[in-house]
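Shown next, in structure tokens, is the structure this report addresses.
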Amino acid sequence: MKDPGRDTSEVLQRLSETPGLSGHEAPIRALVAELFQPLCDEIHIDALGNLMAIKRGSGPLPRLKVMWAAHMDEIGFMVAKVEERGFLRVTNVGGIDVRNVLGEEVIVHGREDVIGVIGAKPPHLTTKDEQNRPVPMEDLFVDVGLTDERTRELIRPGDVISFRRSFRTLAGRRVTGKALDNRASVAAMYCGLKLLQTLRHEADVYAVATVQEEVGLRGAATGAFGIMPDAAIAIDVGFALAPGQKKKDPITLGKGPGLLLGANAHPGLREHLAEVARRFHIPIQTDVAPGRTGTDAWAIQVTAFGVPTGLLSIPLRHMHSPAELIDVDDVEATGRLLAFQAAHLTHDVVAGWAPPLQDENAAAEEGSS
Amino acid sequence: MTDRELIMQLSDAMGVSGEEGPVRDLIWSYVRASVDEAFTDTMGNLYVSRREGRKGPVLMVSAHMDEVGLMIHHIESDGLLRFSAVGGLDPRILPGRAVVVGPKQIPGVIGAPPIHLSSPGERKKALPMDDLYIDIGADDRAEAEKLVKPGDRAVFATKSEPFGDGLLKGKALDNRVGCALLVRTMAMDCPFPVTGVFTVQEEIGLRGARVAAYRVEPAMALILEGTTCADTPGTEDHEQSTRLGDGPAITFMDGSVIPNRVMVEALIEAAERAGVPWQWKRTTFGGTDGGAVHKVREGVPTAVLSVPCRYIHGPAAVMSLSDFDAARRTVAEFLAHVDGVWARIMEERGMHP
């Protein structure tokens with residue numbers, strides 16, 4: 001049997017290097033379909049482009065439904081205007097940080113893929129004042145180095161641009177690459193589906209690779225509406241401890257996924273995840289968010305009648321840069337937690353989740369005390 | 001129980017957005033006797049209905065039960081607690097306040113670097129929330145961890161009390177005053193079935209009301225709120241959203257909803273029939289659960305009625321019991337004639353019920 005660690009790393013590499021900007025997820029969706037196909041019973045693609053891989057459970061009908069949601073879209077750029085001499089003006093797709101893109105190589109997805117460079121004036125020609133300010137998006141340009149004619153033949157406004165960044169293995173179990181936000185979580189779903197092959201589970205498991213998260217949690221909303229799961233677990237990346245990290249309680253690389261505590265997390269589902277983690281010795285960390293989480297979990301929770309929702313965060317450094325960095329152990333721990341939680345989800349567990357209304361006697365006792 | 005006692009008990013209960021259990025249990029103990037059906041949903045909304053002997057489309061009346069507060073996210077090695085705001089809090093009100101933390105209601109105070117150690121320049125700037133902490137008197141992290149844990153919510157340690165001339169003072173009057181009004185509403189006569197919803201997570205984005213309206217599918221919705229009141233020194237007349245003692249405020253527009261015109265007119269008529277004062281809510285910023293409810297499914301005709309409260313989202317808000325009484329009478333009149341309101345709404349759409 002193949003070393004499972006290396007396997008996860010290989011899957012991560014392919015997921016990281018395949019493009020799939022928000023609203024333009026076709027290439028990454030095709031890869032996810034290829035990876036998930038052998039591990040599930042059915043694959044569906046909904047109107048917005050979410051990919052749902054269904055692994056049927058053995059429970060009685062109506063069968064429980066558990067949804068895993070990891071967005072597969074990534075941030076990047078879009079061509080705004082084709083200038084002369086092979087220069088492109090660009091705009092952002094999702095939350096690009098203009099402070100970390102100067103000099104980066106990109107791929108312009110035109111009629112053919114075209115390699116480009118995000119240009120920057122050399123330090124010799126910039127003033128002291130300019131050096132202290134990031135270059136705003138409207139002043140950035142991509143240089144594709146082609147003639148006018150060839151540029152116009154291949155590239156039009158609206159074409160998307162992804163980072164051209166090779167996946168690399170660092171010391172220990174650490175790896176780096178682009179779009180690990182949120183391909184790390186797609187890889188975790190892959191690990192979970194793989195483990196699920198060896199487990200009995202009552203619930204139908206819907207592993208959903210969602211679209212358009214980076215532009216406003218859009219795919220998760222339609223995905224959850226289409227399924228109306230009994231439990232939904234969003235998987236995303238979370239800010240890991242790093243120098244200058246402003247968040248005062250970051251999660252740490254290599255210590256397992258963060259388990260959300262806050263208004264966006266259903267208390268019953270959260271406790272079930274924590275209990276499964278304890279029982280199977282899966283490391284988890286506490287991740288506190290008082291309100292909005294900015295993840296698919298935020299949209300899923302208020303879909304239709306409301307959905308019991310949880311959030312697992314894989315620790316990641318340098319978020320929204322081409323140098324995102326994670327620990328492969330965290331991805332695998334997340335996959336194990338997903339699979340074991342799904343395998344232990346029963347109607348009895350779910351039945352205890354609605355907040356109880358006290359009966360008359362209990363209320364009377366409380367009143368008299 | 002008098003209105004005053006009801007509002008005071010609700011004000012004292014804990015229920016920060018995302019953890020509304022204590023206030024929900026209290027509300028349930030008040031409304032259970034007057035409703036024929038009750039349940040909760042996955043987010044913690046409490047639904048109570050009266051259908052027996054009533055026919056027609058469903059009126060949903062809702063009030064959010066959550067309050068703004070703090071959430072502990074980190075315990076320092078010296079036993080001090082770092083926190084984030086849950087909902088909209090002005091950081092300037094926090095230094096020096098008394099709070100209670102977590103389900104065990106551990107007492108604490110919000111500390112900040114003292115004025116002695118601040119430079120003259122620093123003293124002129126508001127303290128950012130990141131510099132503040134809660135001190136529960138613990139010597140170190142180990143001692144603090146016996147009493148509180150990350151994720152615990154904290155609220156102001158205010159106990160409500162009568163105040164001034166016919167006023168009442170307490171925390172969380174936004175929106176426990178609306179909850180009190182909804183408790184009273186469930187005992188009122190109405191020709192149509194009424195579903196009352198005590199909603200969760202209003203303060204962090206109108207989240208409970210959205211799923212509640214999806215579930216109830218009401219024909220009309222009335223939102224009960226405690227709203228801003230700025231009749232205080234230094235506020236120009238045109239900036240005063242409402243005035244204390246001038247009766248319930250009726251919203252013609254806010255940042256989240258343009259209420260249904262027929263329902264707005266009906267609320268005015270109801271107040272006038274009841275012989276009580278009413279006022280417009282004269283500013284158009286802010287939002288209420290109405291913002292989420294009116295656009296659920298195919299849309300819901302929605303209106304908002306509020307009791308003015310000074311200093312909301314702070315440790316001590318102030319309201320007038322006469323405003324509450326006027327609001328209660330207005331709602332009673334509105335409910336008694338809600339069939340006529342529905343007929344006018346249908347007529348406007350060119351339909352005849």
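Ordering of the structure tokens sets the chain letters (A, B, ...), residue numbers begin anew at 1 in every chain, and ligands are numbered from 1 in the order given.
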
With only C-alpha atoms as the counted atoms, please give the residues lying no more than 10 Å from region 284-286 of chain B, apart from itself and same-chain residues fewer than 4 positions off, as an mmCIF file with all heavy atoms, in the first residue's frame.
```cif
data_model
loop_
_atom_site.group_PDB
_atom_site.id
_atom_site.type_symbol
_atom_site.label_atom_id
_atom_site.label_comp_id
_atom_site.auth_asym_id
_atom_site.auth_seq_id
_atom_site.Cartn_x
_atom_site.Cartn_y
_atom_site.Cartn_z
ATOM 1 N N THR B 227 -35.734 50.969 20.105
ATOM 2 C CA THR B 227 -34.926 51.723 19.139
ATOM 3 C C THR B 227 -34.171 52.857 19.806
ATOM 4 O O THR B 227 -34.409 53.191 20.964
ATOM 5 C CB THR B 227 -35.808 52.270 17.998
ATOM 6 O OG1 THR B 227 -34.956 52.666 16.923
ATOM 7 C CG2 THR B 227 -36.619 53.468 18.466
ATOM 8 N N THR B 228 -33.267 53.454 19.039
ATOM 9 C CA THR B 228 -32.454 54.551 19.551
ATOM 10 C C THR B 228 -33.318 55.752 19.922
ATOM 11 O O THR B 228 -34.341 56.021 19.305
ATOM 12 C CB THR B 228 -31.456 55.026 18.485
ATOM 13 O OG1 THR B 228 -32.190 55.318 17.296
ATOM 14 C CG2 THR B 228 -30.427 53.975 18.199
ATOM 15 N N SER B 241 -33.657 60.774 16.783
ATOM 16 C CA SER B 241 -34.421 59.713 16.129
ATOM 17 C C SER B 241 -35.800 59.573 16.755
ATOM 18 O O SER B 241 -36.798 59.475 16.066
ATOM 19 C CB SER B 241 -33.655 58.402 16.193
ATOM 20 O OG SER B 241 -33.216 58.159 17.512
ATOM 21 N N THR B 251 -41.731 53.197 12.034
ATOM 22 C CA THR B 251 -40.654 53.359 11.056
ATOM 23 C C THR B 251 -41.231 53.537 9.659
ATOM 24 O O THR B 251 -42.043 52.719 9.220
ATOM 25 C CB THR B 251 -39.751 52.105 11.069
ATOM 26 O OG1 THR B 251 -39.183 51.966 12.370
ATOM 27 C CG2 THR B 251 -38.650 52.197 10.031
ATOM 28 N N PHE B 252 -40.827 54.632 8.971
ATOM 29 C CA PHE B 252 -41.221 54.744 7.555
ATOM 30 C C PHE B 252 -40.117 54.229 6.644
ATOM 31 O O PHE B 252 -40.358 53.827 5.518
ATOM 32 C CB PHE B 252 -41.652 56.161 7.168
ATOM 33 C CG PHE B 252 -40.692 57.245 7.583
ATOM 34 C CD1 PHE B 252 -39.536 57.480 6.854
ATOM 35 C CD2 PHE B 252 -40.970 58.043 8.681
ATOM 36 C CE1 PHE B 252 -38.646 58.492 7.222
ATOM 37 C CE2 PHE B 252 -40.086 59.049 9.063
ATOM 38 C CZ PHE B 252 -38.923 59.271 8.341
ATOM 39 N N MET B 253 -38.879 54.252 7.133
ATOM 40 C CA MET B 253 -37.772 53.676 6.377
ATOM 41 C C MET B 253 -36.578 53.581 7.311
ATOM 42 O O MET B 253 -36.346 54.465 8.119
ATOM 43 C CB MET B 253 -37.393 54.553 5.183
ATOM 44 C CG MET B 253 -36.253 53.993 4.350
ATOM 45 S SD MET B 253 -35.994 54.924 2.827
ATOM 46 C CE MET B 253 -34.868 56.192 3.376
ATOM 47 N N ASP B 254 -35.824 52.484 7.226
ATOM 48 C CA ASP B 254 -34.520 52.457 7.885
ATOM 49 C C ASP B 254 -33.513 51.854 6.911
ATOM 50 O O ASP B 254 -33.814 51.704 5.729
ATOM 51 C CB ASP B 254 -34.586 51.730 9.237
ATOM 52 C CG ASP B 254 -34.847 50.238 9.119
ATOM 53 O OD1 ASP B 254 -34.608 49.656 8.040
ATOM 54 O OD2 ASP B 254 -35.279 49.640 10.123
ATOM 55 N N GLY B 255 -32.327 51.538 7.403
ATOM 56 C CA GLY B 255 -31.284 51.046 6.512
ATOM 57 C C GLY B 255 -31.539 49.649 5.974
ATOM 58 O O GLY B 255 -30.799 49.179 5.118
ATOM 59 N N SER B 256 -32.573 49.000 6.478
ATOM 60 C CA SER B 256 -32.767 47.606 6.085
ATOM 61 C C SER B 256 -34.102 47.328 5.423
ATOM 62 O O SER B 256 -34.272 46.326 4.753
ATOM 63 C CB SER B 256 -32.633 46.698 7.316
ATOM 64 O OG SER B 256 -33.720 46.893 8.208
ATOM 65 N N VAL B 257 -35.087 48.211 5.608
ATOM 66 C CA VAL B 257 -36.428 47.916 5.074
ATOM 67 C C VAL B 257 -37.210 49.210 4.852
ATOM 68 O O VAL B 257 -37.042 50.177 5.587
ATOM 69 C CB VAL B 257 -37.206 46.979 6.038
ATOM 70 C CG1 VAL B 257 -37.417 47.609 7.393
ATOM 71 C CG2 VAL B 257 -38.550 46.547 5.441
ATOM 72 N N ILE B 258 -38.044 49.204 3.825
ATOM 73 C CA ILE B 258 -39.077 50.231 3.674
ATOM 74 C C ILE B 258 -40.385 49.531 3.994
ATOM 75 O O ILE B 258 -40.861 48.708 3.222
ATOM 76 C CB ILE B 258 -39.095 50.815 2.243
ATOM 77 C CG1 ILE B 258 -37.740 51.460 1.943
ATOM 78 C CG2 ILE B 258 -40.229 51.823 2.098
ATOM 79 C CD1 ILE B 258 -37.597 51.951 0.520
ATOM 80 N N GLY B 291 -35.584 43.870 8.062
ATOM 81 C CA GLY B 291 -34.732 43.845 6.878
ATOM 82 C C GLY B 291 -34.555 42.450 6.321
ATOM 83 O O GLY B 291 -34.452 42.257 5.104
#
```

- Please return as a ChimeraX atom specification: the residues of region 58-264 of chain B that backbone DSSP assigns to strand (DSSP E). /B:59-64,69-75,81-86,98-101,106-111,133-135,153-156,161-163,167-170,194-199,220-229,249-251

Please, which residues in region 255-306 of chain B fall within 12 Å of region 177-200 of chain B when counting only C-alpha atoms, and what is the closest atom pair and distance in Å to one decimal for each, ordered by chain then residue number, as a tab-separated table?
```
residue	atom	partner	partner_atom	distance
B:Thr288	CA	B:Thr199	CA	11.3
B:Asp289	CA	B:Thr199	CA	8.6
B:Gly290	CA	B:Thr199	CA	11.6
B:Ala292	CA	B:Thr199	CA	11.6
B:Val293	CA	B:Thr199	CA	11.2
B:Val304	CA	B:Gly178	CA	10.7
B:Leu305	CA	B:Gly178	CA	9.0
B:Ser306	CA	B:Gly178	CA	7.4
```

Mind dumping the selected residues with N, CA and C atoms as a PDB file, in the first residue's frame?
```
ATOM      1  N   THR B 288     -33.333  46.421  11.382  1.00  0.00           N
ATOM      2  CA  THR B 288     -34.037  45.528  12.300  1.00  0.00           C
ATOM      3  C   THR B 288     -34.272  44.202  11.591  1.00  0.00           C
ATOM      4  N   ASP B 289     -34.816  43.247  12.338  1.00  0.00           N
ATOM      5  CA  ASP B 289     -35.192  41.965  11.754  1.00  0.00           C
ATOM      6  C   ASP B 289     -36.088  42.130  10.525  1.00  0.00           C
ATOM      7  N   GLY B 290     -36.798  43.267  10.447  1.00  0.00           N
ATOM      8  CA  GLY B 290     -37.649  43.527   9.281  1.00  0.00           C
ATOM      9  C   GLY B 290     -36.857  43.470   7.982  1.00  0.00           C
ATOM     10  N   ALA B 292     -34.524  41.460   7.196  1.00  0.00           N
ATOM     11  CA  ALA B 292     -34.390  40.072   6.733  1.00  0.00           C
ATOM     12  C   ALA B 292     -35.749  39.489   6.373  1.00  0.00           C
ATOM     13  N   VAL B 293     -36.752  39.787   7.200  1.00  0.00           N
ATOM     14  CA  VAL B 293     -38.068  39.142   7.038  1.00  0.00           C
ATOM     15  C   VAL B 293     -38.748  39.554   5.741  1.00  0.00           C
ATOM     16  N   VAL B 304     -42.552  47.936  11.379  1.00  0.00           N
ATOM     17  CA  VAL B 304     -41.720  47.931  12.584  1.00  0.00           C
ATOM     18  C   VAL B 304     -42.279  48.936  13.590  1.00  0.00           C
ATOM     19  N   LEU B 305     -42.514  48.481  14.813  1.00  0.00           N
ATOM     20  CA  LEU B 305     -42.957  49.356  15.896  1.00  0.00           C
ATOM     21  C   LEU B 305     -41.927  49.268  17.014  1.00  0.00           C
ATOM     22  N   SER B 306     -41.464  50.430  17.504  1.00  0.00           N
ATOM     23  CA  SER B 306     -40.372  50.419  18.483  1.00  0.00           C
ATOM     24  C   SER B 306     -40.694  51.243  19.714  1.00  0.00           C
TER      25      SER B 306
END
```

Give me the residues of chain A that have any atom at most 7 Å from an atom of chain B; for each, the nearest atom pair and the distance in Å, rounded to one decimal. Use only C-alpha atoms, sort by chain and number, and format it as a Markdown table.
```
| residue | atom | partner | partner_atom | distance |
| --- | --- | --- | --- | --- |
| A:Asp249 | CA | B:His74 | CA | 6.1 |
| A:Leu261 | CA | B:Gly151 | CA | 6.1 |
| A:Gly262 | CA | B:Gly18 | CA | 6.6 |
| A:Ala263 | CA | B:Gly18 | CA | 3.9 |
| A:Val288 | CA | B:His73 | CA | 5.9 |
| A:Pro290 | CA | B:Val86 | CA | 5.5 |
| A:Gly291 | CA | B:Ile204 | CA | 6.0 |
| A:Val302 | CA | B:Val211 | CA | 5.9 |
| A:Thr303 | CA | B:Val211 | CA | 7.0 |
| A:Ala304 | CA | B:Val211 | CA | 5.7 |
| A:Phe305 | CA | B:Val211 | CA | 4.8 |
| A:Gly306 | CA | B:Val211 | CA | 5.5 |
| A:Val307 | CA | B:Thr42 | CA | 6.6 |
| A:Pro308 | CA | B:Thr42 | CA | 5.9 |
| A:Ala354 | CA | B:Thr42 | CA | 5.3 |
| A:Pro355 | CA | B:Gly44 | CA | 6.1 |
| A:Ala363 | CA | B:Ser29 | CA | 6.8 |
```

Selection file, N, CA and C atoms, as a PDB file, in the first residue's frame:
```
ATOM      1  N   ASP A 249      -5.443  35.020  19.383  1.00  0.00           N
ATOM      2  CA  ASP A 249      -5.550  33.609  19.744  1.00  0.00           C
ATOM      3  C   ASP A 249      -5.496  32.761  18.484  1.00  0.00           C
ATOM      4  N   LEU A 261     -15.949  27.876  17.844  1.00  0.00           N
ATOM      5  CA  LEU A 261     -16.819  28.158  18.971  1.00  0.00           C
ATOM      6  C   LEU A 261     -17.343  29.568  18.736  1.00  0.00           C
ATOM      7  N   GLY A 262     -18.647  29.720  18.670  1.00  0.00           N
ATOM      8  CA  GLY A 262     -19.226  31.040  18.430  1.00  0.00           C
ATOM      9  C   GLY A 262     -20.606  30.896  17.838  1.00  0.00           C
ATOM     10  N   ALA A 263     -21.206  32.048  17.507  1.00  0.00           N
ATOM     11  CA  ALA A 263     -22.600  32.047  17.065  1.00  0.00           C
ATOM     12  C   ALA A 263     -22.798  31.273  15.767  1.00  0.00           C
ATOM     13  N   VAL A 288     -12.106  30.614  18.256  1.00  0.00           N
ATOM     14  CA  VAL A 288     -13.216  31.423  18.746  1.00  0.00           C
ATOM     15  C   VAL A 288     -13.549  32.540  17.765  1.00  0.00           C
ATOM     16  N   PRO A 290     -16.719  35.476  17.555  1.00  0.00           N
ATOM     17  CA  PRO A 290     -17.966  35.907  18.177  1.00  0.00           C
ATOM     18  C   PRO A 290     -19.150  35.962  17.204  1.00  0.00           C
ATOM     19  N   GLY A 291     -18.905  36.342  15.978  1.00  0.00           N
ATOM     20  CA  GLY A 291     -20.025  36.485  15.043  1.00  0.00           C
ATOM     21  C   GLY A 291     -19.678  35.933  13.695  1.00  0.00           C
ATOM     22  N   VAL A 302     -27.900  29.810   7.723  1.00  0.00           N
ATOM     23  CA  VAL A 302     -29.207  30.479   7.596  1.00  0.00           C
ATOM     24  C   VAL A 302     -29.906  30.105   6.298  1.00  0.00           C
ATOM     25  N   THR A 303     -29.558  28.978   5.701  1.00  0.00           N
ATOM     26  CA  THR A 303     -30.257  28.520   4.511  1.00  0.00           C
ATOM     27  C   THR A 303     -31.631  27.977   4.895  1.00  0.00           C
ATOM     28  N   ALA A 304     -32.648  28.436   4.184  1.00  0.00           N
ATOM     29  CA  ALA A 304     -34.034  27.965   4.351  1.00  0.00           C
ATOM     30  C   ALA A 304     -34.427  27.941   5.832  1.00  0.00           C
ATOM     31  N   PHE A 305     -34.746  26.773   6.382  1.00  0.00           N
ATOM     32  CA  PHE A 305     -35.190  26.671   7.777  1.00  0.00           C
ATOM     33  C   PHE A 305     -34.034  26.796   8.765  1.00  0.00           C
ATOM     34  N   GLY A 306     -32.818  26.902   8.263  1.00  0.00           N
ATOM     35  CA  GLY A 306     -31.646  26.902   9.138  1.00  0.00           C
ATOM     36  C   GLY A 306     -31.044  25.510   9.178  1.00  0.00           C
ATOM     37  N   VAL A 307     -29.727  25.451   9.247  1.00  0.00           N
ATOM     38  CA  VAL A 307     -29.012  24.175   9.189  1.00  0.00           C
ATOM     39  C   VAL A 307     -28.016  24.114  10.354  1.00  0.00           C
ATOM     40  N   PRO A 308     -28.029  23.006  11.142  1.00  0.00           N
ATOM     41  CA  PRO A 308     -26.986  22.849  12.159  1.00  0.00           C
ATOM     42  C   PRO A 308     -25.624  22.829  11.467  1.00  0.00           C
ATOM     43  N   ALA A 354     -32.095  20.188  19.034  1.00  0.00           N
ATOM     44  CA  ALA A 354     -32.960  21.376  19.122  1.00  0.00           C
ATOM     45  C   ALA A 354     -32.984  21.841  20.566  1.00  0.00           C
ATOM     46  N   PRO A 355     -32.911  23.150  20.808  1.00  0.00           N
ATOM     47  CA  PRO A 355     -32.956  23.620  22.193  1.00  0.00           C
ATOM     48  C   PRO A 355     -34.263  23.159  22.839  1.00  0.00           C
ATOM     49  N   ALA A 363     -40.168  23.755  35.188  1.00  0.00           N
ATOM     50  CA  ALA A 363     -40.301  25.209  35.298  1.00  0.00           C
ATOM     51  C   ALA A 363     -40.790  25.583  36.695  1.00  0.00           C
TER      52      ALA A 363
END
```

- Write out as a PyMOL selection string which residues come within 8 Å of region 266-271 of chain A when counting only C-alpha atoms, dropping same-chain ones fewer than 6 positions away. (chain A and resi 231+259-260+308-310+352-353) or (chain B and resi 42-43)

- Task: Please report, as a ChimeraX atom specification, each residue of region 126-185 of chain A to which DSSP assigns alpha helix (DSSP H) when run on this structure's backbone.
- Result: /A:128-131,148-154,180-185

Any chance you can output those residues with N, CA, C and O atoms as a compact mmCIF listing (two decimals), in the first residue's frame?
```
# COMPACT_ATOMS: atom_id res chain seq x y z
N LYS A 128 11.37 57.71 -2.73
CA LYS A 128 11.26 57.20 -1.35
C LYS A 128 9.79 57.08 -0.95
O LYS A 128 9.37 56.11 -0.33
N ASP A 129 9.02 58.11 -1.31
CA ASP A 129 7.61 58.14 -0.93
C ASP A 129 6.86 56.96 -1.56
O ASP A 129 6.07 56.29 -0.91
N GLU A 130 7.15 56.71 -2.85
CA GLU A 130 6.49 55.59 -3.53
C GLU A 130 6.82 54.25 -2.89
O GLU A 130 5.99 53.36 -2.81
N GLN A 131 8.06 54.14 -2.43
CA GLN A 131 8.48 52.87 -1.84
C GLN A 131 7.76 52.55 -0.54
O GLN A 131 7.73 51.42 -0.11
N ASP A 148 1.33 43.42 -30.07
CA ASP A 148 -0.06 43.89 -30.02
C ASP A 148 -1.00 42.89 -30.65
O ASP A 148 -2.04 42.55 -30.09
N GLU A 149 -0.61 42.45 -31.83
CA GLU A 149 -1.49 41.58 -32.61
C GLU A 149 -1.75 40.26 -31.88
O GLU A 149 -2.89 39.83 -31.73
N ARG A 150 -0.65 39.67 -31.40
CA ARG A 150 -0.74 38.38 -30.72
C ARG A 150 -1.50 38.52 -29.39
O ARG A 150 -2.31 37.66 -29.04
N THR A 151 -1.26 39.60 -28.68
CA THR A 151 -1.96 39.83 -27.41
C THR A 151 -3.46 39.89 -27.63
O THR A 151 -4.24 39.23 -26.95
N ARG A 152 -3.87 40.69 -28.66
CA ARG A 152 -5.31 40.84 -28.91
C ARG A 152 -5.95 39.56 -29.43
O ARG A 152 -7.15 39.33 -29.23
N GLU A 153 -5.14 38.75 -30.10
CA GLU A 153 -5.63 37.48 -30.61
C GLU A 153 -5.95 36.52 -29.45
O GLU A 153 -6.91 35.77 -29.49
N LEU A 154 -5.12 36.57 -28.42
CA LEU A 154 -5.22 35.57 -27.35
C LEU A 154 -6.01 36.05 -26.13
O LEU A 154 -6.58 35.25 -25.41
N LEU A 180 -3.89 27.17 -1.50
CA LEU A 180 -4.11 26.18 -0.43
C LEU A 180 -5.34 26.60 0.38
O LEU A 180 -5.97 25.78 1.01
N ASP A 181 -5.67 27.88 0.33
CA ASP A 181 -6.99 28.41 0.69
C ASP A 181 -7.81 28.29 -0.58
O ASP A 181 -7.68 29.14 -1.45
N ASN A 182 -8.56 27.24 -0.81
CA ASN A 182 -9.01 26.32 0.18
C ASN A 182 -8.85 24.88 -0.31
O ASN A 182 -9.60 24.01 0.05
N ARG A 183 -7.84 24.67 -1.19
CA ARG A 183 -7.64 23.33 -1.71
C ARG A 183 -7.19 22.38 -0.60
O ARG A 183 -7.39 21.17 -0.69
N ALA A 184 -6.59 22.92 0.49
CA ALA A 184 -6.23 22.10 1.64
C ALA A 184 -7.48 21.39 2.16
O ALA A 184 -7.45 20.23 2.54
N SER A 185 -8.61 22.12 2.17
CA SER A 185 -9.85 21.56 2.69
C SER A 185 -10.48 20.57 1.71
O SER A 185 -11.12 19.61 2.11
```

- Query: region 222-229 of chain A: which residues within 10 Å, counting only C-alpha atoms, same-chain residues fewer than 6 positions away excluded, as a ChimeraX atom specification?
  - Reply: /A:45-52,64-69,204-206,208-211,296-297,299-309

- Excluding same-chain residues fewer than 4 positions from Met263 (chain B), what lies within 8 Å of it counting only C-alpha atoms, as JSON, numbers by chain? {"B": [259, 267, 301, 302, 303, 341]}

Would you mind exporting N, CA, C and O atoms of the selected residues as a short mmCIF file (atom, residue, chain, number, x, y, z; two decimals), in the first residue's frame?
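Output file result-v3.cif is given in full below:
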```cif
data_model
loop_
_atom_site.label_atom_id
_atom_site.label_comp_id
_atom_site.auth_asym_id
_atom_site.auth_seq_id
_atom_site.Cartn_x
_atom_site.Cartn_y
_atom_site.Cartn_z
N PRO B 259 -40.93 49.80 5.18
CA PRO B 259 -42.11 49.04 5.61
C PRO B 259 -43.29 49.22 4.66
O PRO B 259 -43.41 50.22 3.94
N LEU B 267 -50.90 51.08 11.70
CA LEU B 267 -50.33 51.28 13.03
C LEU B 267 -50.69 52.66 13.57
O LEU B 267 -51.02 52.83 14.75
N PRO B 301 -45.13 41.54 3.50
CA PRO B 301 -45.43 42.90 3.96
C PRO B 301 -45.05 43.01 5.43
O PRO B 301 -45.47 42.19 6.24
N THR B 302 -44.24 44.02 5.75
CA THR B 302 -43.62 44.09 7.07
C THR B 302 -43.69 45.51 7.62
O THR B 302 -43.58 46.47 6.85
N ALA B 303 -43.89 45.62 8.92
CA ALA B 303 -43.80 46.93 9.58
C ALA B 303 -43.05 46.79 10.89
O ALA B 303 -42.92 45.69 11.42
N VAL B 341 -56.66 45.23 7.70
CA VAL B 341 -55.36 45.58 7.14
C VAL B 341 -55.04 44.64 5.98
O VAL B 341 -54.61 45.08 4.90
#
```

- When you draw a straight line from CA of Leu224 (chain B) to CA of Glu37 (chain B), how long is it in Å?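 Separation of CA of Leu224 (chain B) and CA of Glu37 (chain B): 20.7 Å.
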